[in-house]
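Visitor: Quick one, input-v3.cif (mmCIF, C-alpha atoms):
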```
data_query
loop_
_atom_site.label_atom_id
_atom_site.label_comp_id
_atom_site.auth_asym_id
_atom_site.auth_seq_id
_atom_site.Cartn_x
_atom_site.Cartn_y
_atom_site.Cartn_z
CA MET A 1 -5.81 12.23 -38.18
CA THR A 2 -8.43 9.50 -38.18
CA HIS A 3 -7.73 5.84 -37.52
CA ALA A 4 -5.82 3.77 -40.06
CA ALA A 5 -8.10 1.97 -42.52
CA SER A 6 -7.94 -1.29 -40.59
CA TYR A 7 -10.27 -4.12 -39.65
CA TYR A 8 -10.23 -2.70 -36.13
CA ALA A 9 -11.30 0.77 -37.19
CA GLU A 10 -14.12 -0.58 -39.34
CA SER A 11 -15.46 -2.83 -36.57
CA ARG A 12 -14.94 -0.54 -33.57
CA ASN A 13 -17.90 -0.21 -31.23
CA ASP A 14 -17.36 3.40 -30.08
CA ARG A 15 -17.21 6.21 -32.61
CA ARG A 16 -17.66 9.17 -30.29
CA GLU A 17 -15.25 12.08 -30.57
CA ARG A 18 -13.58 13.88 -27.70
CA PRO A 19 -12.88 17.62 -27.98
CA ALA A 20 -9.39 19.04 -28.44
CA LEU A 21 -7.79 20.94 -25.59
CA ALA A 22 -8.72 24.62 -25.76
CA GLY A 23 -7.07 27.13 -23.46
CA ASP A 24 -5.29 26.59 -20.18
CA ALA A 25 -6.08 23.92 -17.61
CA SER A 26 -4.67 22.58 -14.39
CA CYS A 27 -4.76 19.08 -12.93
CA ASP A 28 -2.99 16.59 -10.71
CA VAL A 29 -1.64 14.46 -13.57
CA ALA A 30 -1.31 15.23 -17.29
CA ILE A 31 -0.87 12.26 -19.61
CA VAL A 32 0.62 12.48 -23.09
CA GLY A 33 -0.69 9.65 -25.26
CA GLY A 34 -4.06 7.90 -25.57
CA GLY A 35 -2.98 4.29 -25.96
CA TYR A 36 -3.06 1.46 -23.43
CA THR A 37 -0.44 3.02 -21.13
CA GLY A 38 -2.06 6.42 -20.98
CA LEU A 39 -5.63 5.15 -20.76
CA SER A 40 -4.78 2.62 -18.06
CA ALA A 41 -2.91 5.28 -16.09
CA ALA A 42 -5.84 7.67 -16.48
CA LEU A 43 -8.26 5.04 -15.21
CA HIS A 44 -6.17 3.96 -12.23
CA LEU A 45 -5.31 7.53 -11.25
CA ALA A 46 -8.91 8.70 -11.52
CA GLU A 47 -10.02 5.77 -9.38
CA ARG A 48 -7.57 7.05 -6.76
CA GLY A 49 -9.30 10.43 -6.82
CA ARG A 50 -6.70 12.28 -8.92
CA LYS A 51 -7.75 14.94 -11.41
CA VAL A 52 -6.44 13.67 -14.75
CA ILE A 53 -6.20 15.29 -18.20
CA LEU A 54 -5.06 13.10 -21.10
CA LEU A 55 -3.90 14.54 -24.44
CA GLU A 56 -3.93 12.39 -27.58
CA ALA A 57 -2.51 13.77 -30.81
CA HIS A 58 -5.01 11.96 -33.03
CA GLU A 59 -7.85 9.71 -31.83
CA LEU A 60 -7.78 7.46 -28.76
CA GLY A 61 -6.10 4.18 -29.67
CA TRP A 62 -4.78 5.68 -32.92
CA GLY A 63 -1.27 4.23 -32.56
CA ALA A 64 -0.06 0.72 -31.75
CA SER A 65 -2.85 0.21 -29.21
CA GLY A 66 -5.45 0.28 -31.98
CA ARG A 67 -3.49 -1.55 -34.67
CA ASN A 68 -1.69 -4.51 -33.03
CA GLY A 69 -2.25 -8.25 -33.28
CA GLY A 70 -4.39 -8.34 -30.14
CA GLN A 71 -2.38 -11.12 -28.48
CA VAL A 72 -1.91 -11.43 -24.72
CA HIS A 73 1.15 -13.48 -23.76
CA SER A 74 2.44 -14.92 -20.52
CA GLY A 75 5.76 -13.75 -19.12
CA GLN A 76 8.01 -10.96 -20.28
CA ARG A 77 9.33 -10.58 -23.82
CA ARG A 78 12.48 -12.37 -22.63
CA ASP A 79 12.12 -15.89 -21.24
CA GLN A 80 12.74 -16.74 -17.60
CA ASP A 81 16.04 -18.51 -18.34
CA THR A 82 17.41 -15.27 -19.80
CA LEU A 83 16.01 -13.13 -16.98
CA GLU A 84 17.53 -15.40 -14.33
CA LYS A 85 20.90 -15.22 -16.07
CA TRP A 86 20.76 -11.43 -16.30
CA PHE A 87 19.21 -10.50 -12.96
CA GLY A 88 19.18 -13.55 -10.68
CA ALA A 89 16.35 -15.80 -9.58
CA THR A 90 14.67 -13.34 -7.20
CA GLN A 91 14.35 -10.50 -9.70
CA ALA A 92 13.36 -12.90 -12.48
CA ARG A 93 10.57 -14.19 -10.27
CA ARG A 94 9.36 -10.63 -9.61
CA LEU A 95 9.26 -9.99 -13.35
CA TRP A 96 7.31 -13.22 -13.93
CA ASP A 97 4.80 -12.32 -11.22
CA LEU A 98 4.31 -8.84 -12.66
CA ALA A 99 3.78 -10.30 -16.12
CA GLU A 100 1.15 -12.64 -14.71
CA GLU A 101 -0.48 -9.67 -13.00
CA ALA A 102 -0.44 -7.80 -16.32
CA LYS A 103 -2.39 -10.59 -17.97
CA ALA A 104 -4.81 -10.80 -15.04
CA THR A 105 -5.24 -7.02 -15.09
CA VAL A 106 -6.37 -7.10 -18.72
CA LYS A 107 -8.90 -9.83 -18.02
CA GLY A 108 -10.03 -8.12 -14.83
CA LEU A 109 -10.60 -4.76 -16.50
CA ILE A 110 -12.56 -6.42 -19.31
CA ALA A 111 -14.80 -8.12 -16.76
CA ARG A 112 -15.13 -5.20 -14.31
CA HIS A 113 -15.96 -2.60 -16.96
CA ALA A 114 -17.85 -4.90 -19.35
CA ILE A 115 -15.46 -4.09 -22.19
CA ASP A 116 -16.81 -5.64 -25.39
CA CYS A 117 -13.56 -6.64 -27.12
CA ASP A 118 -14.02 -10.28 -28.18
CA TRP A 119 -11.70 -11.80 -25.55
CA ARG A 120 -10.86 -15.44 -26.27
CA ASP A 121 -8.60 -17.84 -24.34
CA GLY A 122 -5.69 -19.69 -25.91
CA LEU A 123 -2.34 -18.87 -27.51
CA ILE A 124 -0.20 -21.32 -29.50
CA TYR A 125 3.57 -21.00 -30.03
CA ALA A 126 4.73 -22.66 -33.26
CA MET A 127 8.39 -23.61 -33.80
CA HIS A 128 9.55 -22.96 -37.35
CA LYS A 129 12.79 -24.98 -36.96
CA PRO A 130 12.95 -28.61 -35.79
CA GLY A 131 15.85 -27.84 -33.46
CA TYR A 132 13.68 -25.44 -31.45
CA VAL A 133 11.03 -27.96 -30.38
CA ALA A 134 12.89 -29.77 -27.59
CA ALA A 135 13.85 -26.50 -25.90
CA ASP A 136 10.31 -25.19 -26.24
CA HIS A 137 8.89 -28.30 -24.59
CA ALA A 138 11.53 -28.23 -21.86
CA TYR A 139 10.66 -24.61 -21.13
CA ALA A 140 6.98 -25.51 -20.71
CA ASP A 141 8.00 -28.21 -18.23
CA ARG A 142 10.21 -25.75 -16.38
CA LEU A 143 7.43 -23.20 -16.04
CA ALA A 144 5.22 -25.87 -14.49
CA ARG A 145 7.97 -27.07 -12.14
CA ASP A 146 9.70 -23.84 -11.08
CA TYR A 147 7.00 -21.20 -11.58
CA ALA A 148 3.88 -23.22 -10.74
CA TYR A 149 2.45 -22.45 -14.17
CA PRO A 150 0.32 -25.42 -15.31
CA HIS A 151 -1.28 -23.86 -18.37
CA MET A 152 1.38 -24.69 -20.98
CA THR A 153 0.88 -27.98 -22.85
CA THR A 154 3.23 -29.42 -25.46
CA LEU A 155 2.30 -30.19 -29.07
CA ASP A 156 4.17 -32.51 -31.40
CA ARG A 157 4.28 -31.82 -35.12
CA ASP A 158 1.03 -33.61 -35.95
CA GLN A 159 -0.83 -32.10 -32.98
CA LEU A 160 0.32 -28.63 -33.95
CA ALA A 161 -0.65 -29.12 -37.59
CA ALA A 162 -4.13 -30.17 -36.49
CA ALA A 163 -4.40 -27.18 -34.15
CA ILE A 164 -3.42 -24.53 -36.70
CA GLY A 165 -4.23 -26.12 -40.05
CA SER A 166 -0.67 -25.82 -41.36
CA SER A 167 2.21 -28.27 -41.76
CA ALA A 168 4.79 -25.46 -41.89
CA PHE A 169 5.96 -26.02 -38.29
CA HIS A 170 7.63 -28.79 -36.30
CA GLY A 171 5.93 -28.65 -32.91
CA GLY A 172 5.11 -26.15 -30.22
CA THR A 173 3.13 -25.37 -27.10
CA ARG A 174 -0.33 -24.14 -26.18
CA ASP A 175 -0.79 -21.58 -23.41
CA GLY A 176 -4.32 -21.96 -22.09
CA ASP A 177 -4.09 -18.79 -19.99
CA GLY A 178 -2.95 -16.53 -22.82
CA GLY A 179 -5.43 -15.23 -25.33
CA HIS A 180 -6.46 -12.55 -27.78
CA LEU A 181 -8.85 -9.63 -28.22
CA HIS A 182 -10.02 -6.81 -30.48
CA ALA A 183 -7.19 -4.35 -29.90
CA LEU A 184 -9.01 -1.08 -30.60
CA ASN A 185 -12.23 -1.98 -28.80
CA TYR A 186 -10.15 -2.84 -25.73
CA ALA A 187 -8.50 0.60 -25.85
CA LEU A 188 -11.85 2.33 -26.31
CA GLY A 189 -13.26 0.35 -23.40
CA LEU A 190 -10.42 1.59 -21.20
CA ALA A 191 -11.23 5.13 -22.35
CA ARG A 192 -14.89 4.82 -21.37
CA ALA A 193 -13.90 3.39 -17.98
CA ALA A 194 -11.41 6.24 -17.39
CA GLU A 195 -14.03 8.85 -18.26
CA ALA A 196 -16.57 7.19 -15.97
CA ALA A 197 -14.00 7.45 -13.17
CA GLY A 198 -13.59 11.18 -13.84
CA ALA A 199 -10.65 11.49 -16.23
CA VAL A 200 -10.84 14.13 -18.99
CA LEU A 201 -9.68 12.88 -22.39
CA HIS A 202 -8.79 15.18 -25.28
CA GLU A 203 -8.25 14.08 -28.88
CA ARG A 204 -6.51 15.96 -31.71
CA SER A 205 -4.28 17.68 -29.17
CA PRO A 206 -0.67 16.98 -30.20
CA VAL A 207 1.80 17.98 -27.52
CA THR A 208 4.55 20.25 -28.80
CA HIS A 209 6.60 20.78 -25.67
CA VAL A 210 6.93 19.65 -22.06
CA ILE A 211 8.39 22.23 -19.67
CA ARG A 212 9.98 20.64 -16.63
CA GLY A 213 9.69 22.25 -13.23
CA ALA A 214 8.07 22.06 -9.83
CA ARG A 215 4.75 21.88 -11.70
CA PRO A 216 5.48 20.68 -15.26
CA VAL A 217 3.62 22.26 -18.16
CA VAL A 218 2.42 20.40 -21.24
CA GLU A 219 1.86 22.61 -24.29
CA THR A 220 -0.22 22.10 -27.42
CA ALA A 221 -0.98 24.48 -30.25
CA SER A 222 -4.34 25.33 -28.69
CA GLY A 223 -3.65 25.27 -24.97
CA ARG A 224 -1.49 24.18 -22.07
CA VAL A 225 -1.92 21.98 -19.02
CA THR A 226 -0.10 22.60 -15.75
CA ALA A 227 0.12 19.55 -13.51
CA ASP A 228 1.77 18.12 -10.42
CA ALA A 229 3.01 15.20 -12.54
CA VAL A 230 3.28 14.34 -16.24
CA ILE A 231 3.34 10.90 -17.86
CA LEU A 232 4.89 10.51 -21.31
CA ALA A 233 2.93 7.58 -22.74
CA GLY A 234 3.60 8.11 -26.44
CA ASN A 235 5.78 4.98 -26.88
CA GLY A 236 7.02 5.08 -30.49
CA TYR A 237 5.38 8.46 -31.17
CA LEU A 238 7.15 10.81 -28.74
CA HIS A 239 8.90 12.68 -31.59
CA GLY A 240 11.22 14.99 -29.69
CA LEU A 241 9.44 15.29 -26.32
CA ASP A 242 12.21 13.54 -24.36
CA ASP A 243 15.64 12.71 -25.79
CA ASP A 244 16.48 10.24 -23.02
CA THR A 245 13.43 8.10 -23.72
CA GLU A 246 13.86 8.28 -27.49
CA ALA A 247 17.47 7.13 -27.16
CA ARG A 248 16.23 3.90 -25.55
CA VAL A 249 12.78 3.35 -27.09
CA MET A 250 13.09 2.74 -30.81
CA PRO A 251 10.08 2.84 -33.16
CA ILE A 252 9.69 0.09 -35.75
CA ASN A 253 6.83 -0.63 -38.14
CA ASN A 254 4.86 -3.86 -38.37
CA TYR A 255 2.11 -4.86 -40.79
CA ILE A 256 -1.15 -6.79 -40.57
CA LEU A 257 -3.91 -7.94 -42.90
CA ALA A 258 -7.38 -9.30 -42.36
CA THR A 259 -9.00 -11.73 -44.80
CA GLU A 260 -12.60 -11.70 -45.82
CA PRO A 261 -14.88 -13.68 -43.44
CA LEU A 262 -14.23 -17.38 -44.04
CA GLY A 263 -17.45 -18.80 -42.63
CA SER A 264 -17.17 -22.44 -41.55
CA ARG A 265 -13.88 -22.66 -43.46
CA ILE A 266 -12.15 -20.92 -40.53
CA ASN A 267 -12.30 -24.24 -38.67
CA GLN A 268 -9.92 -25.77 -41.20
CA PHE A 269 -7.23 -23.39 -39.97
CA ILE A 270 -7.65 -22.73 -36.24
CA PRO A 271 -10.41 -25.05 -34.99
CA GLY A 272 -9.76 -24.20 -31.32
CA GLY A 273 -9.93 -20.46 -31.92
CA GLU A 274 -6.50 -19.68 -30.43
CA ALA A 275 -4.07 -16.99 -31.44
CA VAL A 276 -0.75 -18.20 -32.87
CA ALA A 277 2.78 -16.77 -32.77
CA ASP A 278 5.81 -18.43 -34.29
CA SER A 279 9.49 -18.62 -33.34
CA ARG A 280 10.95 -16.28 -35.95
CA PHE A 281 12.86 -13.27 -34.70
CA VAL A 282 10.68 -11.20 -37.02
CA ILE A 283 7.64 -13.16 -36.01
CA TYR A 284 4.52 -14.22 -37.79
CA TYR A 285 1.42 -13.92 -35.61
CA TRP A 286 -2.21 -14.54 -36.40
CA ARG A 287 -5.61 -15.26 -34.93
CA PRO A 288 -9.25 -15.71 -35.89
CA THR A 289 -11.54 -12.74 -35.41
CA ALA A 290 -15.01 -12.87 -33.92
CA ASP A 291 -16.55 -12.65 -37.40
CA GLY A 292 -14.46 -15.50 -38.82
CA ARG A 293 -11.55 -13.75 -40.54
CA ILE A 294 -7.88 -14.55 -40.18
CA LEU A 295 -5.95 -11.53 -38.93
CA PHE A 296 -2.29 -12.10 -39.83
CA GLY A 297 0.81 -10.07 -39.03
CA GLY A 298 4.18 -10.42 -40.74
CA GLY A 299 7.03 -8.24 -41.94
CA GLU A 300 8.69 -5.16 -40.48
CA THR A 301 10.33 -1.97 -41.69
CA TYR A 302 12.50 0.43 -39.71
CA THR A 303 11.88 3.88 -41.16
CA ARG A 304 8.70 5.98 -40.95
CA ARG A 305 7.77 5.13 -44.54
CA PHE A 306 5.30 2.24 -44.99
CA PRO A 307 5.42 -0.07 -48.07
CA ALA A 308 3.38 1.18 -51.00
CA ASP A 309 1.50 -2.15 -51.18
CA ILE A 310 0.95 -3.32 -47.60
CA LYS A 311 -1.55 -5.94 -48.72
CA GLY A 312 0.97 -7.60 -51.04
CA PHE A 313 3.77 -7.16 -48.49
CA VAL A 314 1.91 -9.17 -45.83
CA ARG A 315 0.05 -11.57 -48.11
CA LYS A 316 3.27 -13.28 -49.19
CA HIS A 317 3.97 -14.11 -45.54
CA LEU A 318 0.42 -15.38 -45.03
CA LEU A 319 0.77 -17.74 -47.99
CA ASN A 320 3.99 -19.15 -46.56
CA ILE A 321 1.82 -20.59 -43.79
CA TYR A 322 -1.51 -21.04 -45.55
CA PRO A 323 -1.02 -21.52 -49.30
CA GLY A 324 -4.63 -22.69 -49.44
CA LEU A 325 -5.74 -19.12 -48.81
CA ALA A 326 -4.45 -17.93 -52.18
CA ASP A 327 -8.04 -17.58 -53.41
CA VAL A 328 -9.21 -15.57 -50.41
CA ARG A 329 -9.90 -11.86 -50.66
CA ILE A 330 -7.92 -9.54 -48.38
CA ASP A 331 -10.32 -6.95 -47.01
CA HIS A 332 -7.91 -4.86 -44.92
CA ALA A 333 -4.17 -4.28 -44.65
CA TRP A 334 -2.47 -1.70 -42.46
CA GLY A 335 0.73 -0.78 -40.72
CA GLY A 336 1.54 0.53 -37.28
CA THR A 337 4.45 1.72 -35.21
CA LEU A 338 5.44 -0.13 -32.06
CA ALA A 339 8.62 0.39 -30.07
CA VAL A 340 11.43 -1.86 -28.87
CA THR A 341 14.30 -1.54 -26.43
CA THR A 342 17.76 -3.04 -26.71
CA ASN A 343 16.95 -5.70 -24.11
CA ARG A 344 13.29 -6.09 -25.20
CA LEU A 345 12.10 -5.21 -21.68
CA PRO A 346 9.86 -2.20 -21.00
CA TYR A 347 11.49 1.13 -20.27
CA MET A 348 9.82 2.67 -17.20
CA ARG A 349 11.47 5.67 -15.57
CA ARG A 350 10.98 8.66 -13.33
CA LEU A 351 12.92 11.05 -15.54
CA ALA A 352 12.75 14.00 -13.14
CA PRO A 353 10.60 15.07 -10.21
CA GLY A 354 7.04 14.90 -11.51
CA LEU A 355 7.97 13.47 -14.93
CA TYR A 356 7.45 9.79 -15.80
CA THR A 357 7.75 7.70 -18.94
CA SER A 358 6.94 4.16 -20.01
CA GLY A 359 7.25 2.41 -23.37
CA GLY A 360 9.26 -0.02 -25.46
CA TYR A 361 7.00 -3.03 -24.88
CA SER A 362 8.58 -4.92 -27.79
CA GLY A 363 5.49 -6.79 -28.92
CA HIS A 364 3.98 -7.50 -25.47
CA GLY A 365 2.16 -4.21 -25.21
CA VAL A 366 -1.45 -5.28 -24.68
CA ALA A 367 -0.79 -6.66 -21.21
CA THR A 368 2.45 -4.88 -20.28
CA ALA A 369 1.24 -1.39 -21.20
CA THR A 370 -1.97 -1.96 -19.27
CA LEU A 371 0.05 -2.92 -16.20
CA ALA A 372 2.42 0.02 -16.78
CA GLY A 373 -0.48 2.43 -16.41
CA LYS A 374 -1.36 0.83 -13.09
CA LEU A 375 2.25 0.99 -11.86
CA LEU A 376 2.59 4.62 -12.93
CA ALA A 377 -0.50 5.45 -10.89
CA GLU A 378 1.05 3.69 -7.91
CA ALA A 379 4.38 5.50 -8.33
CA ILE A 380 2.69 8.92 -8.51
CA ALA A 381 0.93 8.00 -5.26
CA ALA A 382 4.39 7.32 -3.73
CA GLU A 383 3.86 3.54 -3.87
CA THR A 384 7.01 2.88 -5.88
CA GLU A 385 8.04 -0.68 -5.02
CA ARG A 386 6.57 -2.40 -8.06
CA PHE A 387 7.39 0.44 -10.48
CA ASP A 388 10.97 0.26 -9.20
CA VAL A 389 11.27 -3.37 -10.31
CA PHE A 390 11.21 -2.07 -13.88
CA GLN A 391 13.02 1.17 -13.15
CA SER A 392 15.97 -0.84 -11.78
CA ILE A 393 16.46 -2.72 -15.07
CA PRO A 394 19.45 -1.30 -16.98
CA SER A 395 18.47 0.00 -20.40
CA MET A 396 21.14 0.79 -22.97
CA LYS A 397 20.80 3.50 -25.54
CA PHE A 398 20.58 2.31 -29.12
CA PRO A 399 24.05 2.66 -30.63
CA GLY A 400 24.66 5.53 -32.98
CA GLY A 401 22.42 8.13 -31.38
CA LYS A 402 19.37 9.52 -33.15
CA LEU A 403 21.29 9.97 -36.41
CA MET A 404 22.71 6.45 -36.78
CA ARG A 405 20.44 4.26 -34.67
CA THR A 406 18.10 3.46 -37.56
CA PRO A 407 20.85 2.22 -39.95
CA THR A 408 22.36 0.22 -37.09
CA LEU A 409 18.99 -1.36 -36.29
CA ILE A 410 18.39 -2.16 -39.97
CA MET A 411 21.70 -4.03 -40.17
CA ALA A 412 20.95 -6.01 -37.01
CA MET A 413 17.39 -6.88 -37.97
CA THR A 414 18.45 -7.86 -41.49
CA TRP A 415 20.87 -10.35 -39.97
CA PHE A 416 18.21 -11.84 -37.70
CA ALA A 417 15.74 -12.04 -40.58
CA LEU A 418 18.36 -13.90 -42.60
CA ARG A 419 18.93 -16.27 -39.68
CA ASP A 420 15.18 -17.02 -39.62
CA ARG A 421 15.47 -18.36 -43.16
CA LEU A 422 18.60 -20.47 -42.63
#
```
Could you take the file, read its structure, and then write that structure out as structure tokens?
Guide:
Amino acid sequence: MTHAASYYAESRNDRRERPALAGDASCDVAIVGGGYTGLSAALHLAERGRKVILLEAHELGWGASGRNGGQVHSGQRRDQDTLEKWFGATQARRLWDLAEEAKATVKGLIARHAIDCDWRDGLIYAMHKPGYVAADHAYADRLARDYAYPHMTTLDRDQLAAAIGSSAFHGGTRDGDGGHLHALNYALGLARAAEAAGAVLHERSPVTHVIRGARPVVETASGRVTADAVILAGNGYLHGLDDDTEARVMPINNYILATEPLGSRINQFIPGGEAVADSRFVIYYWRPTADGRILFGGGETYTRRFPADIKGFVRKHLLNIYPGLADVRIDHAWGGTLAVTTNRLPYMRRLAPGLYTSGGYSGHGVATATLAGKLLAEAIAAETERFDVFQSIPSMKFPGGKLMRTPTLIMAMTWFALRDRL
């Protein structure tokens, strides 16, 4: 399958095709999935001298890595107060430091490999309820005091309205060290870097079965790869390859649109060029693109079926924030499947000797998945300390098993969506 008909696919800067796997092959590490996790792992492993074969079912970056909002956040998906309560101050600090490294890794890879993906600094958090503002500002102060993070500045209601061109919010914060990028071009840049380091990347090679053993075997319809180690990097697209991972990593669908280019009018909305994310549980997130569009995400569904009218589905959310865009043409609208965990922290595991998995980034995938690939490479090289920080995090199965987990999730998410509107 080709890429979704998105703004990213239309404006991607690499249209080369990689051949499908044909016949049998052998390598040090086989990777299932050509998104950020798999491509980062391929790059970091190849740089360590490992022979790597990556298998992507469709095209590189076809899944969430080529369809997401392109935002790079600081910290984990859960705030430091929650992490300290759950795991204690020492472990919470490790998780903060790894999240900071994730962000730095993205920026470093872009610089080191000259990845043309429209990186831009700045990320604004907008509070949609007045009662959230004081806590948001206090958290920014706490990050500066306890985590030596000086990049978060507070915004009152008027300052926020001026920064995002909307009076729909009550205040917020600006993270000067966060930012945003062209999601697909970043993935394709990682692919080029991995290939330059020696990794072999195959497209249109859906994996049908993984045989565990002393040397695991990865099978497709047209060939098989025998390896010393296998990484399952399919995130929300594993589809039966590992029941343990699928019990804990739940796919959900999110939707995005891109307006027509707005020319100088874009400065009425986001004059500083930052990305924006709001405080809803089912969040709104948006950013300007390099060619002056607004790329806006809003709305989720929890089955594999997408809405018949994605453009209309997302546009109503856009107009909640920017009613003045009612006259603007929507050039692209698309959906994608990400994956969440019960605790909203990534699920990284050594499932068996020579078999690894990572996914469930819960909306923080640009940076966290990139770091996950690096940590997987370390773990395969027997440098497990940092990988073990994530492996040690308890991860519950979604209640109800594979049969009932989707209805259970729908009930929970419906409640949280209702709470957003109260």
Visitor: Find the distance between atom CA of A:Ala290 and atom CA of A:Ile115 and write it in Å to one decimal.
Guide: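 Answer for the atom CA of A:Ala290 to atom CA of A:Ile115 separation: 14.7 Å.
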Visitor: Which one is closest to A:Ile321: A:Asp278, A:Ala92, A:Ala382, A:Gln159? Count only C-alpha atoms.
Guide: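 Nearest candidate to A:Ile321 out of A:Asp278, A:Ala92, A:Ala382, A:Gln159: A:Asp278.
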Visitor: One decimal, in Å: what's the spacing between atom CA of A:Asn235 and atom CA of A:Tyr356?
Guide: 12.2 Å
Visitor: On this structure, which residues satisfy the PyMOL selection byres ((chain A and resi 46) around 10), written as a PDB file with C-alpha atoms, in the frame of the given file?
Guide:
```pdb
ATOM      1  CA  ASP A  28      -2.990  16.590 -10.710  1.00  0.00           C
ATOM      2  CA  VAL A  29      -1.640  14.460 -13.570  1.00  0.00           C
ATOM      3  CA  SER A  40      -4.780   2.620 -18.060  1.00  0.00           C
ATOM      4  CA  ALA A  41      -2.910   5.280 -16.090  1.00  0.00           C
ATOM      5  CA  ALA A  42      -5.840   7.670 -16.480  1.00  0.00           C
ATOM      6  CA  LEU A  43      -8.260   5.040 -15.210  1.00  0.00           C
ATOM      7  CA  HIS A  44      -6.170   3.960 -12.230  1.00  0.00           C
ATOM      8  CA  LEU A  45      -5.310   7.530 -11.250  1.00  0.00           C
ATOM      9  CA  GLU A  47     -10.020   5.770  -9.380  1.00  0.00           C
ATOM     10  CA  ARG A  48      -7.570   7.050  -6.760  1.00  0.00           C
ATOM     11  CA  GLY A  49      -9.300  10.430  -6.820  1.00  0.00           C
ATOM     12  CA  ARG A  50      -6.700  12.280  -8.920  1.00  0.00           C
ATOM     13  CA  LYS A  51      -7.750  14.940 -11.410  1.00  0.00           C
ATOM     14  CA  VAL A  52      -6.440  13.670 -14.750  1.00  0.00           C
ATOM     15  CA  ILE A  53      -6.200  15.290 -18.200  1.00  0.00           C
ATOM     16  CA  ALA A 193     -13.900   3.390 -17.980  1.00  0.00           C
ATOM     17  CA  ALA A 194     -11.410   6.240 -17.390  1.00  0.00           C
ATOM     18  CA  GLU A 195     -14.030   8.850 -18.260  1.00  0.00           C
ATOM     19  CA  ALA A 196     -16.570   7.190 -15.970  1.00  0.00           C
ATOM     20  CA  ALA A 197     -14.000   7.450 -13.170  1.00  0.00           C
ATOM     21  CA  GLY A 198     -13.590  11.180 -13.840  1.00  0.00           C
ATOM     22  CA  ALA A 199     -10.650  11.490 -16.230  1.00  0.00           C
ATOM     23  CA  VAL A 200     -10.840  14.130 -18.990  1.00  0.00           C
ATOM     24  CA  ALA A 377      -0.500   5.450 -10.890  1.00  0.00           C
TER      25      ALA A 377
END
```
Visitor: Pick out the residues sitting within 12 Å of A:Asp327, and hand them over as a PDB file with C-alpha atoms, keeping the file's coordinate frame; count all atoms listed in the file, and ignore anything fewer than 6 positions along from it in its own chain.
Guide:
```
ATOM      1  CA  THR A 259      -9.000 -11.730 -44.800  1.00  0.00           C
ATOM      2  CA  GLU A 260     -12.600 -11.700 -45.820  1.00  0.00           C
ATOM      3  CA  LEU A 262     -14.230 -17.380 -44.040  1.00  0.00           C
ATOM      4  CA  ARG A 315       0.050 -11.570 -48.110  1.00  0.00           C
ATOM      5  CA  LEU A 319       0.770 -17.740 -47.990  1.00  0.00           C
TER       6      LEU A 319
END
```
Visitor: Name the residues that the PyMOL selection byres ((chain A and resi 74) around 10) pulls out of this structure, and write them as JSON, numbers by chain.
Guide: {"A": [72, 73, 75, 76, 77, 79, 96, 97, 99, 100, 101, 102, 103, 104, 123, 149, 151, 152, 175, 176, 177, 178, 179, 364, 367]}
Visitor: Quick check on the file I pasted: which residues fall under the PyMOL selection byres ((chain A and resi 322) around 9)? Write them as JSON, numbers by chain.
Guide: {"A": [165, 166, 167, 168, 269, 317, 318, 319, 320, 321, 323, 324, 325, 326]}
Visitor: Around (1.8, -6.6, -44.0) in the file's own coordinates, what residues are found within 7 Å if you use all atoms listed in the file, given back as number ranges by chain?
Guide: A: 254-257, 297-299, 310-311, 313-315, 333-335
Visitor: Using all atoms listed in the file, can you tell me which of A:Ile294, A:Ile124, A:Ala64, A:Val106 comes closest to A:Gly236?
Guide: A:Ala64
Visitor: Looking at all atoms listed in the file, which of A:Trp119, A:Tyr139, A:Tyr186, A:Tyr132 is the one that sits closest to A:Leu39?
Guide: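 Closest candidate: A:Tyr186.
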Visitor: Provide the atom CA of A:Leu143 to atom CA of A:Ile270 distance in Å, to one decimal place.
Guide: 25.2 Å
Visitor: Using all atoms listed in the file for the distances, tell me which of A:Gly172, A:Gly61, A:Pro353, A:Pro150 is nearest to A:Glu203.
Guide: A:Gly61
Visitor: Rank nothing, just name the residue among A:Asp388, A:Asp243, A:Glu10, A:Glu56 nearest to A:Arg349, using only C-alpha atoms.
Guide: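 Looking at the shortest contact to A:Arg349, the residue is A:Asp388.
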Visitor: Taking the structure in the block just given, could you write stretch 13-18 of chain A with N, CA and C atoms, as an mmCIF file, in the first residue's frame?
Guide:
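Result file result_16.cif:
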```
data_model
loop_
_atom_site.group_PDB
_atom_site.id
_atom_site.type_symbol
_atom_site.label_atom_id
_atom_site.label_comp_id
_atom_site.auth_asym_id
_atom_site.auth_seq_id
_atom_site.Cartn_x
_atom_site.Cartn_y
_atom_site.Cartn_z
ATOM 1 N N ASN A 13 10.211 14.497 0.424
ATOM 2 C CA ASN A 13 11.364 14.832 -0.406
ATOM 3 C C ASN A 13 12.163 13.607 -0.846
ATOM 4 N N ASP A 14 11.623 12.414 -0.635
ATOM 5 C CA ASP A 14 12.286 11.185 -1.085
ATOM 6 C C ASP A 14 11.203 10.232 -1.561
ATOM 7 N N ARG A 15 11.193 9.944 -2.832
ATOM 8 C CA ARG A 15 10.166 9.072 -3.404
ATOM 9 C C ARG A 15 10.744 7.758 -3.934
ATOM 10 N N ARG A 16 11.966 7.456 -3.533
ATOM 11 C CA ARG A 16 12.565 6.200 -3.995
ATOM 12 C C ARG A 16 11.837 5.011 -3.387
ATOM 13 N N GLU A 17 11.874 3.894 -4.087
ATOM 14 C CA GLU A 17 11.271 2.660 -3.595
ATOM 15 C C GLU A 17 12.365 1.660 -3.243
ATOM 16 N N ARG A 18 12.118 0.909 -2.184
ATOM 17 C CA ARG A 18 13.029 -0.163 -1.797
ATOM 18 C C ARG A 18 12.398 -1.495 -2.176
#
```
